[in-house]
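The structure appears right after this line, and notes come after that.
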Amino acid sequence: MTDTIRHIHHVGLTVSDLDRSVAFYTEHLGCSIVMSQEKAGGYLAAIVGYPDASVRMTHLRAPSGDLVIELFEYLAPEALRTRLEPRLIGNPHLCFVVDDLPATHERLTAAGVEFFSPPVLVDTGANAGGQGVYLRDPDGIVIELFQPAASRAGKDAA
């Protein structure tokens, strides 16, 4: 089969303020900048379906991995806002594995990050013994922090 889907290249998120979001993901979540650029019209407009599309974008590399997070700030057309909720169909979330969830939660809380709850012990299922928590990035995008159980820490269970 020549049309085999091989792997995920990146995860894209639309943000309202690219500079603010890049600062959040690099300073608080340990991502690193791969590249930044502006694009208008051409292939971008064709792909996204907006003839006047113009964006600022940055690619970030997640810590200790190959996943690229693509942040788009639409300059045109005007960006639309909605309240992102975990139960909203199609709503994504990114999950970052951490070594010490209580310490990470404390650090981010002190920095003013909005959490759904304090860290929660996973008491059943495949991730029993781990801990998890949801937070919001500056645009309300849902981020999960997950600390695997000590017996599964090297496997990054999810």
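Identifiers for the structure tokens are assigned positionally: chains receive A, B, ... in sequence, residues are indexed from 1 per chain, and ligands are indexed from 1 in the order shown.
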Can you check which parts of range 45-152 of chain A lie within 7 Å of range 26-32 of chain A? Per residue, the shortest pair of atoms and distance in Å to one decimal, counting only C-alpha atoms, sorted by chain and number, as CSV.
```
residue,atom,partner,partner_atom,distance
A:Leu60,CA,A:Ser32,CA,5.3
A:Arg61,CA,A:Ser32,CA,5.2
A:Ala62,CA,A:Cys31,CA,4.7
A:Pro63,CA,A:Cys31,CA,5.3
```
Mind dumping the selected residues with N, CA and C atoms as a short mmCIF file (atom, residue, chain, number, x, y, z; two decimals), in the first residue's frame?
```cif
data_model
loop_
_atom_site.label_atom_id
_atom_site.label_comp_id
_atom_site.auth_asym_id
_atom_site.auth_seq_id
_atom_site.Cartn_x
_atom_site.Cartn_y
_atom_site.Cartn_z
N LEU A 60 7.02 24.56 18.14
CA LEU A 60 7.70 24.27 19.40
C LEU A 60 7.95 22.77 19.48
N ARG A 61 9.05 22.40 20.06
CA ARG A 61 9.32 20.98 20.32
C ARG A 61 9.02 20.73 21.79
N ALA A 62 8.21 19.70 22.02
CA ALA A 62 7.89 19.32 23.39
C ALA A 62 9.16 18.80 24.07
N PRO A 63 9.26 18.95 25.38
CA PRO A 63 10.47 18.49 26.08
C PRO A 63 10.70 16.99 25.90
#
```
Residues at most 12 Å from Tyr25 in chain A, counting only C-alpha atoms, excluding those fewer than 4 positions away in the same chain, as a short mmCIF file (atom, residue, chain, number, x, y, z; two decimals) with C-alpha atoms, in the first residue's frame?
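To be explicit, this is the file written out as around_37.cif:
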```cif
data_model
loop_
_atom_site.label_atom_id
_atom_site.label_comp_id
_atom_site.auth_asym_id
_atom_site.auth_seq_id
_atom_site.Cartn_x
_atom_site.Cartn_y
_atom_site.Cartn_z
CA LEU A 13 -3.35 25.03 18.14
CA VAL A 15 -3.96 31.13 19.82
CA LEU A 18 1.48 34.16 19.64
CA ASP A 19 4.15 35.85 21.75
CA ARG A 20 2.22 35.25 24.99
CA SER A 21 1.58 31.61 24.09
CA LEU A 29 6.07 23.71 30.08
CA GLY A 30 9.69 23.41 28.90
CA CYS A 31 9.09 23.49 25.14
CA SER A 32 11.76 24.87 22.81
CA ILE A 33 11.32 26.99 19.69
CA THR A 58 5.77 29.11 15.73
CA HIS A 59 6.74 25.47 15.92
CA LEU A 60 7.70 24.27 19.40
CA ARG A 61 9.32 20.98 20.32
CA ALA A 62 7.89 19.32 23.39
CA PRO A 63 10.47 18.49 26.08
CA VAL A 68 6.00 19.47 17.45
CA ILE A 69 3.31 21.86 18.66
CA GLU A 70 2.36 24.39 15.98
CA LEU A 71 0.92 27.63 17.32
CA LEU A 94 -2.15 18.02 25.25
CA PHE A 96 2.74 16.48 29.37
CA LEU A 108 2.55 26.86 38.06
CA VAL A 113 -1.82 29.28 35.93
CA ARG A 136 -5.63 26.05 30.93
CA ASP A 137 -3.10 27.83 28.76
CA PRO A 138 -3.56 31.61 28.26
CA ASP A 139 -6.30 31.02 25.64
CA ILE A 141 -6.69 25.44 25.77
CA ILE A 143 -3.43 20.92 29.07
#
```
Problem set entry | Every residue of range 31-136 of chain A that DSSP places in strand (DSSP E), as a ChimeraX atom specification | /A:32-40,54-61,68-76,93-97,114-115,120-121,131-136
Just write the chosen residues, C-alpha atoms, as a tab-separated table (two decimals), in the first residue's frame.
```
chain	number	residue	atom	x	y	z
A	32	SER	CA	11.76	24.87	22.81
A	33	ILE	CA	11.32	26.99	19.69
A	34	VAL	CA	11.99	25.19	16.41
A	35	MET	CA	11.04	28.02	14.05
A	36	SER	CA	8.80	31.08	13.66
A	37	GLN	CA	7.42	32.66	10.49
A	38	GLU	CA	4.55	34.57	8.92
A	39	LYS	CA	2.50	33.20	6.04
A	40	ALA	CA	-0.21	34.80	3.92
A	54	SER	CA	-2.59	35.40	7.10
A	55	VAL	CA	-0.93	33.92	10.19
A	56	ARG	CA	2.02	34.20	12.47
A	57	MET	CA	3.22	30.76	13.51
A	58	THR	CA	5.77	29.11	15.73
A	59	HIS	CA	6.74	25.47	15.92
A	60	LEU	CA	7.70	24.27	19.40
A	61	ARG	CA	9.32	20.98	20.32
A	68	VAL	CA	6.00	19.47	17.45
A	69	ILE	CA	3.31	21.86	18.66
A	70	GLU	CA	2.36	24.39	15.98
A	71	LEU	CA	0.92	27.63	17.32
A	72	PHE	CA	-1.06	29.80	14.85
A	73	GLU	CA	-2.14	33.38	15.46
A	74	TYR	CA	-4.56	34.42	12.72
A	75	LEU	CA	-4.00	37.97	11.49
A	76	ALA	CA	-6.77	37.40	8.92
A	93	HIS	CA	-5.90	18.53	25.03
A	94	LEU	CA	-2.15	18.02	25.25
A	95	CYS	CA	-0.73	15.79	27.96
A	96	PHE	CA	2.74	16.48	29.37
A	97	VAL	CA	4.42	13.83	31.54
A	114	GLU	CA	-5.52	28.28	36.10
A	115	PHE	CA	-6.08	24.65	37.17
A	120	VAL	CA	-5.75	13.91	41.53
A	121	LEU	CA	-4.66	10.35	42.34
A	131	GLN	CA	-1.54	11.46	39.27
A	132	GLY	CA	-3.14	13.88	36.85
A	133	VAL	CA	-4.48	17.38	36.61
A	134	TYR	CA	-5.93	19.68	33.93
A	135	LEU	CA	-4.97	23.31	33.47
A	136	ARG	CA	-5.63	26.05	30.93
```
For this session: Fewer than 2 positions away in the same chain doesn't count, so skip those; otherwise give me all residues within 8 Å of range 126-129 of chain A, counting only C-alpha atoms, as a VMD selection string.
Result: chain A and resid 121 to 124 131 148 to 150 157 to 158
Could the residues in this selection be written to a file with C-alpha atoms, as a JSON list (two decimals), in the first residue's frame?
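Result written to selection24.json:
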```json
[["chain", "number", "residue", "atom", "x", "y", "z"],
["A", 121, "LEU", "CA", -4.66, 10.35, 42.34],
["A", 122, "VAL", "CA", -5.62, 7.88, 39.60],
["A", 123, "ASP", "CA", -7.13, 5.09, 41.68],
["A", 124, "THR", "CA", -8.35, 2.67, 38.99],
["A", 131, "GLN", "CA", -1.54, 11.46, 39.27],
["A", 148, "PRO", "CA", 2.82, 7.94, 35.97],
["A", 149, "ALA", "CA", 2.81, 5.53, 38.88],
["A", 150, "ALA", "CA", 6.32, 4.75, 40.08],
["A", 157, "ALA", "CA", 1.53, 5.39, 30.44],
["A", 158, "ALA", "CA", -1.48, 7.48, 29.55]]
```
Problem set entry | CA of Leu84 in chain A to CA of Val22 in chain A, distance in Å rounded to a single decimal |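 Separating CA of Leu84 in chain A from CA of Val22 in chain A is a distance of 19.2 Å.
Of the residues under consideration (A:Gln147, A:Ile8, A:Gly41, A:Leu67), A:Gln147 shows the shortest atom-to-atom contact distance to Leu101 in chain A when counting only C-alpha atoms.
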For this session: Please identify which residues in range 106-149 of chain A DSSP calls alpha helix (DSSP H) from the backbone, and express them as a list in words.
Result: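 Across range 106-149 of chain A, those assigned alpha helix (DSSP H) are Glu106, Arg107, Leu108, Thr109 and Ala110 of chain A.
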Can you write out the residues you just picked, keeping C-alpha atoms, as a PDB file, in the first residue's frame?
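Below you can see part_2.pdb, which holds the result:
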```
ATOM      1  CA  GLU A 106       2.768  24.391  43.067  1.00  0.00           C
ATOM      2  CA  ARG A 107       5.199  26.176  40.706  1.00  0.00           C
ATOM      3  CA  LEU A 108       2.546  26.857  38.064  1.00  0.00           C
ATOM      4  CA  THR A 109      -0.063  27.924  40.619  1.00  0.00           C
ATOM      5  CA  ALA A 110       2.423  30.481  41.962  1.00  0.00           C
TER       6      ALA A 110
END
```
Exercise. Rounded to one decimal in Å, what is the spacing between CA of Glu78 in chain A and CA of Asp17 in chain A?
Worked result: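 Separation between CA of Glu78 in chain A and CA of Asp17 in chain A: 12.5 Å.
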Exercise. With only C-alpha atoms as the basis for distance, which of A:Ser151, A:His105, A:Asp66, A:Gly112 is at the shortest distance from His9 in chain A?
Worked result: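 Among the listed residues, the smallest separation from His9 in chain A belongs to A:Asp66.
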For this session: Could you please determine the separation between CA of Asp99 in chain A and CA of Pro118 in chain A in Å, to one decimal place?
Result: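 A separation of 16.0 Å between them.
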